[in-house]
>>> print(open('protein_37.txt').read())   # compact mmCIF, C-alpha atoms
# COMPACT_ATOMS: atom_id res chain seq x y z
CA MET A 20 290.17 -140.63 215.26
CA ALA A 21 287.35 -143.04 214.46
CA LYS A 22 285.39 -144.59 217.29
CA THR A 23 286.29 -148.25 217.90
CA VAL A 24 283.75 -151.08 218.03
CA ASP A 25 285.53 -153.95 219.74
CA ALA A 26 283.75 -157.16 218.72
CA ARG A 27 286.71 -159.47 219.23
CA GLY A 28 285.77 -162.84 220.65
CA LEU A 29 282.16 -162.37 219.62
CA SER A 30 280.41 -164.25 216.89
CA CYS A 31 277.60 -163.10 214.69
CA PRO A 32 275.22 -161.46 214.92
CA GLN A 33 276.84 -159.51 217.80
CA PRO A 34 279.56 -157.74 215.73
CA VAL A 35 276.96 -156.70 213.18
CA LEU A 36 274.48 -155.56 215.85
CA MET A 37 277.17 -153.51 217.62
CA THR A 38 278.28 -151.89 214.37
CA LEU A 39 274.75 -151.12 213.21
CA ASP A 40 273.90 -149.67 216.65
CA GLU A 41 276.70 -147.14 216.17
CA ILE A 42 275.61 -146.41 212.62
CA LYS A 43 271.98 -145.93 213.69
CA ALA A 44 273.01 -143.67 216.58
CA GLY A 45 274.03 -141.27 213.82
CA THR A 46 276.78 -139.49 215.73
CA GLU A 47 279.71 -141.09 213.92
CA THR A 48 280.78 -140.82 210.31
CA GLU A 49 283.58 -143.36 210.58
CA LEU A 50 284.21 -146.43 212.72
CA LEU A 51 286.98 -148.92 213.34
CA VAL A 52 285.46 -152.36 213.89
CA LEU A 53 287.63 -155.07 215.46
CA VAL A 54 286.71 -158.70 214.84
CA ASP A 55 288.72 -161.90 215.07
CA ASN A 56 287.11 -164.30 212.65
CA ASP A 57 286.51 -164.31 208.93
CA ALA A 58 282.77 -164.85 209.09
CA SER A 59 282.37 -161.71 211.22
CA LYS A 60 284.64 -159.75 208.88
CA GLU A 61 282.44 -160.72 205.94
CA ASN A 62 279.20 -160.09 207.81
CA VAL A 63 280.25 -156.65 209.04
CA SER A 64 281.44 -155.71 205.55
CA ARG A 65 278.16 -156.86 204.04
CA ALA A 66 276.03 -155.13 206.67
CA VAL A 67 277.68 -151.69 206.50
CA GLN A 68 277.50 -151.69 202.71
CA SER A 69 273.78 -152.41 202.89
CA ARG A 70 273.47 -149.26 205.06
CA LYS A 71 275.28 -147.15 202.42
CA TRP A 72 278.51 -147.05 204.35
CA ARG A 73 281.72 -148.22 202.74
CA VAL A 74 284.66 -150.35 203.78
CA GLU A 75 287.77 -148.17 203.57
CA SER A 76 290.35 -150.77 204.53
CA ILE A 77 290.86 -154.03 206.35
CA GLU A 78 294.12 -154.75 208.15
CA GLU A 79 295.00 -157.97 209.89
CA LYS A 80 297.23 -157.82 212.95
CA ASP A 81 297.81 -160.72 215.39
CA GLY A 82 294.60 -162.47 214.39
CA THR A 83 292.47 -159.33 214.63
CA TYR A 84 290.86 -157.69 211.62
CA GLN A 85 290.64 -153.91 211.84
CA ILE A 86 287.83 -152.87 209.52
CA ALA A 87 287.72 -149.16 208.82
CA VAL A 88 284.27 -148.12 207.66
CA LYS A 89 283.01 -144.71 206.60
CA LYS A 90 279.66 -143.13 205.91
CA GLY A 91 278.64 -142.42 202.32
CA MET B 2 281.79 -156.42 197.47
CA LYS B 3 284.67 -154.88 199.36
CA GLY B 4 285.88 -156.83 202.37
CA ILE B 5 284.71 -160.13 200.94
CA LYS B 6 287.35 -161.88 198.86
CA ASN B 7 286.00 -165.34 199.59
CA ILE B 8 283.87 -166.18 196.54
CA PHE B 9 281.76 -168.64 198.54
CA ALA B 10 280.66 -165.79 200.81
CA GLY B 11 279.35 -163.79 197.85
CA PRO B 12 275.74 -164.00 196.61
CA GLY B 13 276.54 -166.63 193.97
CA GLY B 14 278.59 -168.65 196.41
CA ILE B 15 275.95 -169.14 199.05
CA ILE B 16 273.29 -169.99 196.44
CA GLY B 17 275.70 -172.43 194.80
CA VAL B 18 276.27 -174.16 198.13
CA GLY B 19 272.50 -174.38 198.72
CA VAL B 20 272.10 -175.93 195.26
CA ALA B 21 274.94 -178.40 195.95
CA ILE B 22 273.37 -179.55 199.23
CA GLY B 23 269.99 -179.65 197.50
CA ILE B 24 271.45 -182.13 195.00
CA LEU B 25 273.58 -184.20 197.38
CA ALA B 26 271.01 -184.72 200.15
CA PRO B 27 268.26 -186.29 198.00
CA LEU B 28 271.00 -188.28 196.26
CA LEU B 29 271.98 -189.76 199.63
CA GLN B 30 268.35 -190.82 200.06
CA TYR B 31 268.45 -192.43 196.64
CA LEU B 32 271.61 -194.27 197.67
CA GLY B 33 270.19 -195.64 200.89
CA ASN B 34 269.61 -192.97 203.53
CA PRO B 35 266.10 -192.83 205.05
CA ALA B 36 263.37 -191.00 203.14
CA ASN B 37 263.45 -187.21 203.43
CA MET B 38 266.54 -187.68 205.60
CA GLY B 39 269.41 -187.36 203.13
CA VAL B 40 271.10 -185.19 205.68
CA CYS B 41 269.57 -184.48 209.07
CA VAL B 42 272.08 -183.26 211.61
CA ALA B 43 269.77 -183.88 214.59
CA CYS B 44 268.67 -187.34 213.42
CA PHE B 45 272.21 -188.34 212.58
CA GLU B 46 273.64 -187.17 215.90
CA ARG B 47 270.81 -189.11 217.55
CA ASP B 48 271.87 -192.16 215.52
CA ILE B 49 275.45 -191.63 216.70
CA ALA B 50 274.23 -191.50 220.31
CA GLY B 51 272.49 -194.81 219.58
CA GLY B 52 275.53 -196.33 217.88
CA LEU B 53 277.51 -195.59 221.03
CA GLY B 54 274.77 -197.14 223.16
CA LEU B 55 273.94 -193.90 224.97
CA HIS B 56 270.32 -194.75 224.22
CA ARG B 57 268.90 -198.15 223.33
CA ALA B 58 266.25 -197.28 220.74
CA ALA B 59 267.17 -200.17 218.47
CA VAL B 60 265.88 -198.58 215.27
CA VAL B 61 268.11 -195.47 215.40
CA GLN B 62 271.68 -196.67 215.99
CA TYR B 63 274.37 -195.93 213.43
CA LEU B 64 277.57 -193.86 213.51
CA ARG B 65 276.58 -191.60 210.63
CA PRO B 66 279.62 -190.82 208.46
CA GLU B 67 278.00 -187.63 207.14
CA ILE B 68 278.44 -186.00 210.55
CA ILE B 69 282.07 -187.10 210.70
CA GLY B 70 282.53 -185.68 207.20
CA PHE B 71 280.94 -182.36 208.11
CA VAL B 72 283.41 -181.74 210.93
CA LEU B 73 286.47 -183.02 209.09
CA GLY B 74 285.53 -181.26 205.84
CA SER B 75 285.25 -178.00 207.72
CA LEU B 76 288.58 -178.70 209.45
CA ILE B 77 290.28 -179.27 206.08
CA ALA B 78 288.78 -176.10 204.58
CA ALA B 79 289.72 -174.08 207.66
CA TYR B 80 293.35 -175.22 207.41
CA LEU B 81 293.53 -174.75 203.62
CA PHE B 82 292.25 -171.18 203.90
CA LYS B 83 294.04 -170.32 207.14
CA GLU B 84 290.83 -169.91 209.10
CA PHE B 85 291.43 -172.50 211.80
CA ARG B 86 291.10 -170.46 214.99
CA PRO B 87 291.04 -172.45 218.21
CA ARG B 88 288.76 -170.60 220.61
CA LEU B 89 286.40 -171.30 223.50
CA GLY B 90 285.06 -169.90 226.73
CA SER B 91 281.76 -168.28 225.75
CA ALA B 92 279.55 -169.88 228.44
CA PRO B 93 280.14 -173.49 227.32
CA ILE B 94 277.89 -175.03 229.98
CA VAL B 95 274.97 -172.90 228.79
CA ARG B 96 275.68 -173.98 225.22
CA PHE B 97 275.70 -177.61 226.36
CA PHE B 98 272.16 -177.36 227.70
CA LEU B 99 270.99 -175.31 224.72
CA GLY B 100 272.22 -178.27 222.66
CA VAL B 101 270.34 -180.70 224.90
CA PHE B 102 267.05 -178.84 224.51
CA ALA B 103 267.62 -178.06 220.83
CA MET B 104 267.83 -181.82 220.29
CA ILE B 105 264.77 -182.55 222.39
CA GLY B 106 262.76 -180.04 220.33
CA ALA B 107 264.13 -181.57 217.14
CA LEU B 108 263.09 -185.06 218.28
CA VAL B 109 259.57 -183.86 219.02
CA PHE B 110 259.35 -182.56 215.44
CA LEU B 111 261.58 -185.33 214.05
CA GLY B 112 264.26 -183.33 212.34
CA CYS B 113 266.61 -180.37 212.29
CA PRO B 114 266.03 -177.40 209.94
CA TRP B 115 267.89 -179.24 207.17
CA ARG B 116 265.46 -182.13 207.44
CA ALA B 117 262.48 -179.79 207.71
CA ALA B 118 263.59 -178.41 204.33
CA LEU B 119 264.13 -181.91 202.90
CA ARG B 120 260.77 -183.09 204.23
CA LEU B 121 259.07 -180.16 202.52
CA ALA B 122 261.03 -180.84 199.34
CA GLY B 123 259.87 -184.45 199.50
CA GLY B 124 256.23 -183.38 199.63
CA ASP B 125 255.73 -183.78 203.40
CA GLY B 126 253.16 -181.09 204.27
CA THR B 127 253.67 -181.57 208.01
CA ALA B 128 257.08 -179.95 207.62
CA ILE B 129 255.32 -176.63 207.04
CA PHE B 130 254.33 -176.53 210.72
CA GLY B 131 257.88 -177.34 211.72
CA LEU B 132 259.28 -174.57 209.53
CA LEU B 133 256.74 -172.08 210.91
CA GLY B 134 257.77 -173.14 214.42
CA LEU B 135 261.41 -172.68 213.49
CA ILE B 136 260.70 -169.15 212.29
CA GLY B 137 258.71 -168.42 215.47
CA GLY B 138 261.46 -169.69 217.76
CA ILE B 139 264.14 -167.74 215.94
CA TRP B 140 261.96 -164.62 216.00
CA ILE B 141 261.76 -164.87 219.81
CA GLY B 142 265.53 -165.32 219.84
CA THR B 143 266.02 -162.12 217.84
CA LEU B 144 264.03 -160.21 220.48
CA PHE B 145 266.60 -161.36 223.05
CA LEU B 146 269.44 -160.43 220.70
CA ARG B 147 268.02 -156.93 220.26
CA GLY B 148 267.69 -156.70 224.03
CA GLY B 149 271.41 -157.29 224.52
CA TYR B 150 271.47 -161.07 225.02
CA ASN B 151 274.91 -162.60 224.52
CA LEU B 152 276.97 -165.41 225.98
CA GLY B 153 280.16 -163.36 226.25
CA ARG B 154 283.48 -163.39 224.46
CA THR B 155 285.57 -166.38 223.52
CA GLN B 156 289.27 -166.70 224.30
CA THR B 157 291.95 -167.89 221.96
CA THR B 158 293.15 -171.28 223.11
CA HIS B 159 295.61 -174.06 222.29
CA THR B 160 295.44 -175.53 218.81
CA ALA B 161 294.97 -178.96 220.39
CA ALA B 162 291.83 -177.73 222.17
CA GLY B 163 290.35 -176.82 218.80
CA TRP B 164 291.06 -180.37 217.64
CA MET B 165 288.95 -182.08 220.32
CA LEU B 166 285.74 -182.60 218.34
CA PRO B 167 287.58 -183.41 215.07
CA LEU B 168 289.59 -186.01 217.01
CA PHE B 169 286.40 -187.45 218.47
CA MET B 170 285.01 -187.72 214.94
CA ILE B 171 288.20 -189.42 213.71
CA GLY B 172 287.78 -191.81 216.63
CA LEU B 173 284.22 -192.62 215.54
CA LEU B 174 285.45 -193.29 212.00
CA VAL B 175 288.20 -195.59 213.29
CA PHE B 176 285.58 -197.49 215.31
CA MET B 177 283.41 -197.89 212.20
CA LEU B 178 286.32 -199.20 210.15
CA LEU B 179 287.66 -201.55 212.85
CA PHE B 180 284.26 -202.76 213.99
CA PRO B 181 281.90 -202.90 211.00
CA GLN B 182 278.42 -204.30 211.34
CA ILE B 183 278.24 -208.07 211.56
CA PRO B 184 275.47 -208.82 209.04
CA GLY B 185 272.13 -209.28 210.76
CA GLN B 186 273.48 -208.47 214.22
CA ASP B 187 272.64 -205.38 216.23
CA LYS B 188 275.97 -205.09 218.01
CA ASN B 189 279.58 -206.10 217.59
CA GLU B 190 282.22 -205.83 220.34
CA PHE B 191 281.57 -202.11 220.79
CA ILE B 192 279.21 -200.48 218.37
CA PHE B 193 275.43 -200.75 218.02
CA TYR B 194 273.97 -201.06 214.52
CA SER B 195 270.25 -200.98 213.75
CA VAL B 196 269.07 -204.00 211.80
CA LYS B 197 265.74 -202.39 211.01
CA GLY B 198 264.25 -198.89 211.01
CA PRO B 199 265.88 -195.63 209.91
CA GLY B 200 269.20 -196.53 211.53
CA SER B 201 269.55 -199.53 209.23
CA GLN B 202 269.01 -197.38 206.14
CA HIS B 203 272.19 -195.76 204.94
CA ALA B 204 274.21 -195.06 201.84
CA PRO B 205 277.56 -196.89 201.57
CA LEU B 206 280.07 -195.60 204.13
CA ALA B 207 282.54 -194.17 201.60
CA ILE B 208 279.79 -192.24 199.79
CA SER B 209 278.29 -190.89 203.01
CA LEU B 210 281.70 -189.82 204.24
CA GLY B 211 282.69 -188.34 200.88
CA ILE B 212 279.51 -186.29 200.54
CA GLY B 213 279.84 -185.24 204.19
CA LEU B 214 283.38 -183.99 203.49
CA ILE B 215 282.26 -182.06 200.40
CA ILE B 216 279.41 -180.41 202.30
CA GLY B 217 281.76 -179.71 205.22
CA VAL B 218 284.20 -177.86 202.96
CA LEU B 219 281.47 -175.91 201.13
CA ALA B 220 279.61 -174.95 204.30
CA GLN B 221 282.77 -173.80 206.08
CA ARG B 222 283.66 -171.55 203.15
CA SER B 223 280.15 -170.15 202.69
CA ARG B 224 279.11 -169.97 206.41
CA PHE B 225 275.91 -171.80 205.39
CA CYS B 226 273.47 -171.66 208.31
CA THR B 227 269.74 -172.33 208.27
CA MET B 228 269.12 -170.54 211.56
CA GLY B 229 271.22 -167.56 210.48
CA ALA B 230 269.21 -167.48 207.25
CA ILE B 231 266.01 -166.69 209.12
CA ARG B 232 267.66 -164.68 211.90
CA ASP B 233 269.48 -162.30 209.55
CA PHE B 234 266.31 -161.73 207.56
CA VAL B 235 264.32 -160.93 210.72
CA LEU B 236 267.05 -158.78 212.28
CA PHE B 237 268.53 -157.02 209.26
CA ARG B 238 266.19 -157.84 206.34
CA GLN B 239 269.26 -159.46 204.83
CA MET B 240 268.67 -162.16 202.23
CA HIS B 241 272.22 -163.49 201.98
CA LEU B 242 272.04 -166.73 204.00
CA LEU B 243 268.33 -167.09 203.28
CA SER B 244 269.05 -167.27 199.55
CA GLY B 245 271.21 -170.32 200.22
CA PHE B 246 268.55 -172.02 202.33
CA LEU B 247 265.85 -171.33 199.72
CA ALA B 248 268.17 -172.61 196.98
CA LEU B 249 268.53 -175.84 198.95
CA ILE B 250 264.75 -176.33 199.20
CA ILE B 251 264.04 -175.55 195.54
CA THR B 252 266.89 -177.70 194.27
CA ALA B 253 265.99 -180.63 196.52
CA LEU B 254 262.39 -180.37 195.28
CA ALA B 255 263.56 -180.60 191.67
CA VAL B 256 265.97 -183.46 192.39
CA ASN B 257 263.23 -185.36 194.26
CA PHE B 258 260.99 -185.03 191.21
CA ILE B 259 263.72 -186.39 188.96
CA LEU B 260 264.50 -189.30 191.29
CA GLY B 261 260.83 -190.11 191.88
CA GLN B 262 261.08 -189.22 195.56
CA PHE B 263 258.42 -186.49 195.64
CA LYS B 264 255.31 -187.80 197.40
CA PRO B 265 252.96 -184.96 198.39
CA GLY B 266 250.61 -185.26 201.36
CA PHE B 267 250.23 -184.96 205.11
CA GLU B 268 249.41 -188.50 206.18
CA GLY B 269 251.85 -191.37 206.30
CA GLN B 270 254.95 -189.35 205.51
CA PRO B 271 258.23 -191.09 206.31
CA VAL B 272 259.57 -190.60 209.85
CA ALA B 273 257.01 -187.85 210.57
CA HIS B 274 253.80 -187.46 212.55
CA THR B 275 250.68 -185.34 212.07
CA GLN B 276 250.38 -183.65 215.50
CA HIS B 277 250.86 -180.26 213.92
CA LEU B 278 250.82 -178.24 217.15
CA TRP B 279 253.74 -180.27 218.47
CA ASN B 280 255.55 -180.18 215.15
CA PHE B 281 255.29 -176.41 215.53
CA ALA B 282 256.16 -176.26 219.24
CA GLY B 283 259.06 -178.72 219.05
CA MET B 284 260.66 -176.76 216.27
CA SER B 285 259.99 -173.45 218.07
CA LEU B 286 262.02 -174.76 221.00
CA SER B 287 264.80 -175.84 218.67
CA GLY B 288 264.77 -172.58 216.75
CA LEU B 289 265.03 -170.53 219.93
CA ALA B 290 267.87 -172.71 221.22
CA TYR B 291 269.77 -172.48 217.90
CA CYS B 292 269.32 -168.72 217.89
CA LEU B 293 270.56 -168.34 221.48
CA ALA B 294 273.54 -170.59 220.64
CA GLY B 295 274.36 -168.73 217.41
CA GLY B 296 273.94 -171.45 214.82
CA CYS B 297 271.86 -174.31 213.43
CA PRO B 298 273.07 -177.84 214.19
CA GLY B 299 274.96 -178.00 210.91
CA ARG B 300 276.68 -174.68 211.48
CA GLN B 301 277.71 -175.82 214.98
CA LEU B 302 279.50 -178.79 213.39
CA PHE B 303 281.24 -176.57 210.85
CA LEU B 304 282.28 -174.09 213.57
CA ALA B 305 283.59 -176.98 215.67
CA GLY B 306 285.63 -178.08 212.65
CA GLU B 307 287.30 -174.66 212.42
CA GLY B 308 288.31 -174.77 216.08
CA ASP B 309 285.31 -173.39 217.97
CA GLY B 310 285.26 -175.36 221.22
CA ASP B 311 281.96 -173.79 222.32
CA ALA B 312 280.23 -175.08 219.21
CA ALA B 313 281.77 -178.48 219.97
CA VAL B 314 280.18 -178.39 223.42
CA PHE B 315 276.81 -177.60 221.81
CA VAL B 316 277.25 -180.67 219.57
CA LEU B 317 277.97 -182.86 222.59
CA GLY B 318 274.89 -181.36 224.25
CA MET B 319 272.83 -182.43 221.26
CA ILE B 320 274.20 -185.98 221.42
CA VAL B 321 273.42 -186.19 225.15
CA GLY B 322 270.00 -184.61 224.48
CA ALA B 323 269.29 -187.41 222.01
CA ALA B 324 270.11 -189.96 224.68
CA PHE B 325 267.73 -188.19 227.10
CA GLY B 326 265.16 -188.00 224.33
CA HIS B 327 265.03 -191.72 223.74
CA ASN B 328 265.74 -192.90 227.29
CA PHE B 329 262.93 -190.84 228.83
CA GLY B 330 260.21 -191.07 226.20
CA LEU B 331 260.60 -187.51 224.93
CA ALA B 332 261.16 -188.34 221.26
CA SER B 333 258.27 -188.63 218.83
CA SER B 334 257.69 -191.52 216.46
CA PRO B 335 255.51 -191.77 213.35
CA ALA B 336 252.69 -192.65 215.79
CA GLY B 337 252.93 -189.21 217.44
CA VAL B 338 254.69 -187.44 220.29
CA GLY B 339 256.34 -189.47 223.04
CA PRO B 340 254.73 -189.81 226.50
CA TYR B 341 256.80 -186.98 227.99
CA GLY B 342 257.58 -185.02 224.82
CA ILE B 343 255.09 -182.26 225.51
CA SER B 344 256.33 -181.72 229.08
CA ALA B 345 259.89 -181.64 227.77
CA VAL B 346 259.02 -178.90 225.28
CA PHE B 347 257.68 -176.74 228.12
CA VAL B 348 260.74 -177.37 230.27
CA GLY B 349 262.97 -176.55 227.30
CA LEU B 350 261.13 -173.32 226.51
CA ALA B 351 261.33 -172.30 230.17
CA PHE B 352 265.07 -173.00 230.13
CA CYS B 353 265.61 -170.96 226.96
CA LEU B 354 263.58 -168.03 228.30
CA PHE B 355 265.60 -168.16 231.52
CA VAL B 356 268.82 -168.04 229.51
CA GLY B 357 267.51 -165.29 227.26
CA PHE B 358 266.34 -163.05 230.09
CA SER B 359 269.22 -163.65 232.49
CA MET B 360 272.23 -163.31 230.14
CA ARG B 361 271.87 -159.79 228.90
CA LYS B 362 274.93 -158.13 230.34
CA ARG B 363 276.20 -155.45 228.02
CA ILE B 364 279.52 -156.23 226.43
CA ALA B 365 282.31 -154.10 227.85
>>> encode(input="protein_37.txt", output="structure tokens")
Amino acid sequence: MAKTVDARGLSCPQPVLMTLDEIKAGTETELLVLVDNDASKENVSRAVQSRKWRVESIEEKDGTYQIAVKKG
Amino acid sequence: MKGIKNIFAGPGGIIGVGVAIGILAPLLQYLGNPANMGVCVACFERDIAGGLGLHRAAVVQYLRPEIIGFVLGSLIAAYLFKEFRPRLGSAPIVRFFLGVFAMIGALVFLGCPWRAALRLAGGDGTAIFGLLGLIGGIWIGTLFLRGGYNLGRTQTTHTAAGWMLPLFMIGLLVFMLLFPQIPGQDKNEFIFYSVKGPGSQHAPLAISLGIGLIIGVLAQRSRFCTMGAIRDFVLFRQMHLLSGFLALIITALAVNFILGQFKPGFEGQPVAHTQHLWNFAGMSLSGLAYCLAGGCPGRQLFLAGEGDGDAAVFVLGMIVGAAFGHNFGLASSPAGVGPYGISAVFVGLAFCLFVGFSMRKRIA
């Protein structure tokens, strides 16, 4: 089960900072990032891909985007 | 890139939007807007404050249709692409005062980041100090961001709450249409209109509104933000938003050449002064306030258009800040800084540092 980064209700750069903090901590190989606006969804997707992670899937449920990201 | 289906949010999209603004803003100058002020969110909100009589600086009073267009264009784009999300509750009172001081800093420099770019693109060398100040202020802001600064989460709210600033803008437009300027007079039944000075210089209403709407749509789709451009580069070494901002400057430079609007120099530049330290310091205050509030003045308008009530409060803070600026002698003029402008910059910086240091609670 991937660790969850709950960035709902936050606007950038917080969702990106929270996600990159987890990536830099180096203990996780996959994360589930929750955001609730399109700009954050795009920014998180862009940021993880610049750190050589990849976006596995994005699901929208009740206004929340669940972005599954994975190392490598 | 996976996760980004919106073409405007791709690399070509953001550069394209920067190019579009870089063409449209100098064009507005050609069609009547003040020199190097095709679009200036701070100046134009200040003019709106004047048009409503919140300050009585007679030379800067006009309900600028570009601002109305920015908000309504963003609203239209947000509805078309199902991105209208009414939300608020992330420390709105703090955002209000960040808006107040962001405006005061902008009035010491005489422009928002958009105008700093347009001033540079028009050959105004004094803008360099403003842009350096902007970078400095945002850099300080990123230190707070790294240290855990945040204003907390928003809540989803009623759709009608997200409509408050768009409705206010529609109201302003209705006022302009019902109460147009009486030629040669500085006021009709309700609205103040400058008869001389920058406030009297404007493109025709329909063109200003139309270009405002176009920019509003493009900026909502692309998330164009001049503060974010510098912030993301400092924080993440990410060029995405910065490429749009640079595209704006380069394009506006080229368009100014074509239209004969490029006039290089430091002295005697339009609506600018040569007190470089205060150009730098004013813009540092603004940059820090924009960074702490999460967006440049333009971005705050576009966010307000897509339902962000906190951004709307920041906008109202800027309008009130403009009134303070001109009522209390804080705003600069081409002659130099106002009598209390320097003190106001220090008060503003102290306020921003207080906010930055005191609002660092980790997010649960």
>>> residues_around(input="protein_37.txt", residues="A:Lys80", least_positions_apart="6", cutoff="12 Å", atoms="all atoms listed in the file", output="MDAnalysis selection string")
chainID A and resid 53:55 86
>>> closest_residue(input="protein_37.txt", among="A:Arg70, A:Asp81, A:Asp57, A:Thr46", to="chain B", atoms="only C-alpha atoms")
A:Asp57
>>> closest_residue(input="protein_37.txt", among="B:Pro184, B:Gly342, B:Gly261, B:Gly11", to="chain A", atoms="all atoms listed in the file")
B:Gly11
>>> residues_near_point(input="protein_37.txt", point="(272.9, -186.6, 208.5)", cutoff="12 Å", atoms="only C-alpha atoms", output="ChimeraX atom specification")
/B:22,25-27,29-30,34-49,63-72,112-116,119,199-200,202-204,209-210,212-214,216-217,298-299,302
>>> residues_around(input="protein_37.txt", residues="B:Thr158", least_positions_apart="6", cutoff="7 Å", atoms="all atoms listed in the file", output="PyMOL selection string")
chain B and resi 87-89
>>> write_last_selection(input="protein_37.txt", atoms="C-alpha atoms", output="short mmCIF file (atom, residue, chain, number, x, y, z; two decimals), in the frame of the given file")
data_model
loop_
_atom_site.label_atom_id
_atom_site.label_comp_id
_atom_site.auth_asym_id
_atom_site.auth_seq_id
_atom_site.Cartn_x
_atom_site.Cartn_y
_atom_site.Cartn_z
CA PRO B 87 291.04 -172.45 218.21
CA ARG B 88 288.76 -170.60 220.61
CA LEU B 89 286.40 -171.30 223.50
#
>>> residues_around(input="protein_37.txt", residues="B:Thr127", least_positions_apart="3", cutoff="7 Å", atoms="all atoms listed in the file", output="PDB file with C-alpha atoms, in the coordinates of the input")
ATOM      1  CA  PHE B 130     254.330-176.530 210.720  1.00  0.00           C
ATOM      2  CA  PHE B 267     250.230-184.960 205.110  1.00  0.00           C
ATOM      3  CA  THR B 275     250.680-185.340 212.070  1.00  0.00           C
ATOM      4  CA  HIS B 277     250.860-180.260 213.920  1.00  0.00           C
TER       5      HIS B 277
END
>>> interface_residues(input="protein_37.txt", of="chain B", to="chain A", cutoff="10 Å", atoms="all atoms listed in the file", output="ChimeraX atom specification")
/B:2-7,10-11,83-86,88-91,143,146-147,149-157,221-224,229,232-233,236-239,241,292,295-296,364-365
>>> write_last_selection(input="protein_37.txt", atoms="C-alpha atoms", output="PDB file, keeping the file's coordinate frame")
ATOM      1  CA  MET B   2     281.790-156.420 197.470  1.00  0.00           C
ATOM      2  CA  LYS B   3     284.670-154.880 199.360  1.00  0.00           C
ATOM      3  CA  GLY B   4     285.880-156.830 202.370  1.00  0.00           C
ATOM      4  CA  ILE B   5     284.710-160.130 200.940  1.00  0.00           C
ATOM      5  CA  LYS B   6     287.350-161.880 198.860  1.00  0.00           C
ATOM      6  CA  ASN B   7     286.000-165.340 199.590  1.00  0.00           C
ATOM      7  CA  ALA B  10     280.660-165.790 200.810  1.00  0.00           C
ATOM      8  CA  GLY B  11     279.350-163.790 197.850  1.00  0.00           C
ATOM      9  CA  LYS B  83     294.040-170.320 207.140  1.00  0.00           C
ATOM     10  CA  GLU B  84     290.830-169.910 209.100  1.00  0.00           C
ATOM     11  CA  PHE B  85     291.430-172.500 211.800  1.00  0.00           C
ATOM     12  CA  ARG B  86     291.100-170.460 214.990  1.00  0.00           C
ATOM     13  CA  ARG B  88     288.760-170.600 220.610  1.00  0.00           C
ATOM     14  CA  LEU B  89     286.400-171.300 223.500  1.00  0.00           C
ATOM     15  CA  GLY B  90     285.060-169.900 226.730  1.00  0.00           C
ATOM     16  CA  SER B  91     281.760-168.280 225.750  1.00  0.00           C
ATOM     17  CA  THR B 143     266.020-162.120 217.840  1.00  0.00           C
ATOM     18  CA  LEU B 146     269.440-160.430 220.700  1.00  0.00           C
ATOM     19  CA  ARG B 147     268.020-156.930 220.260  1.00  0.00           C
ATOM     20  CA  GLY B 149     271.410-157.290 224.520  1.00  0.00           C
ATOM     21  CA  TYR B 150     271.470-161.070 225.020  1.00  0.00           C
ATOM     22  CA  ASN B 151     274.910-162.600 224.520  1.00  0.00           C
ATOM     23  CA  LEU B 152     276.970-165.410 225.980  1.00  0.00           C
ATOM     24  CA  GLY B 153     280.160-163.360 226.250  1.00  0.00           C
ATOM     25  CA  ARG B 154     283.480-163.390 224.460  1.00  0.00           C
ATOM     26  CA  THR B 155     285.570-166.380 223.520  1.00  0.00           C
ATOM     27  CA  GLN B 156     289.270-166.700 224.300  1.00  0.00           C
ATOM     28  CA  THR B 157     291.950-167.890 221.960  1.00  0.00           C
ATOM     29  CA  GLN B 221     282.770-173.800 206.080  1.00  0.00           C
ATOM     30  CA  ARG B 222     283.660-171.550 203.150  1.00  0.00           C
ATOM     31  CA  SER B 223     280.150-170.150 202.690  1.00  0.00           C
ATOM     32  CA  ARG B 224     279.110-169.970 206.410  1.00  0.00           C
ATOM     33  CA  GLY B 229     271.220-167.560 210.480  1.00  0.00           C
ATOM     34  CA  ARG B 232     267.660-164.680 211.900  1.00  0.00           C
ATOM     35  CA  ASP B 233     269.480-162.300 209.550  1.00  0.00           C
ATOM     36  CA  LEU B 236     267.050-158.780 212.280  1.00  0.00           C
ATOM     37  CA  PHE B 237     268.530-157.020 209.260  1.00  0.00           C
ATOM     38  CA  ARG B 238     266.190-157.840 206.340  1.00  0.00           C
ATOM     39  CA  GLN B 239     269.260-159.460 204.830  1.00  0.00           C
ATOM     40  CA  HIS B 241     272.220-163.490 201.980  1.00  0.00           C
ATOM     41  CA  CYS B 292     269.320-168.720 217.890  1.00  0.00           C
ATOM     42  CA  GLY B 295     274.360-168.730 217.410  1.00  0.00           C
ATOM     43  CA  GLY B 296     273.940-171.450 214.820  1.00  0.00           C
ATOM     44  CA  ILE B 364     279.520-156.230 226.430  1.00  0.00           C
ATOM     45  CA  ALA B 365     282.310-154.100 227.850  1.00  0.00           C
TER      46      ALA B 365
END
>>> atom_distance(input="protein_37.txt", atom1="atom CA of B:Phe263", atom2="atom CA of B:Leu247")
17.4 Å
>>> closest_residue(input="protein_37.txt", among="B:Met104, B:Leu178, B:Ser75, B:Gly283", to="B:Phe325", atoms="all atoms listed in the file")
B:Met104
>>> residues_near_point(input="protein_37.txt", point="(267.1, -174.3, 200.6)", cutoff="12 Å", atoms="all atoms listed in the file", output="ChimeraX atom specification")
/B:15-24,26,114-122,132,225-228,230-231,242-255
>>> atom_distance(input="protein_37.txt", atom1="atom CA of B:Gly310", atom2="atom CA of B:Leu81")
19.5 Å
>>> atom_distance(input="protein_37.txt", atom1="atom CA of B:Phe352", atom2="atom CA of B:Ala282")
14.4 Å
>>> residues_around(input="protein_37.txt", residues="stretch 41-44 of chain A", least_positions_apart="3", cutoff="9 Å", atoms="only C-alpha atoms", output="PyMOL selection string")
chain A and resi 24+36-38+47-50+67+70+72+90
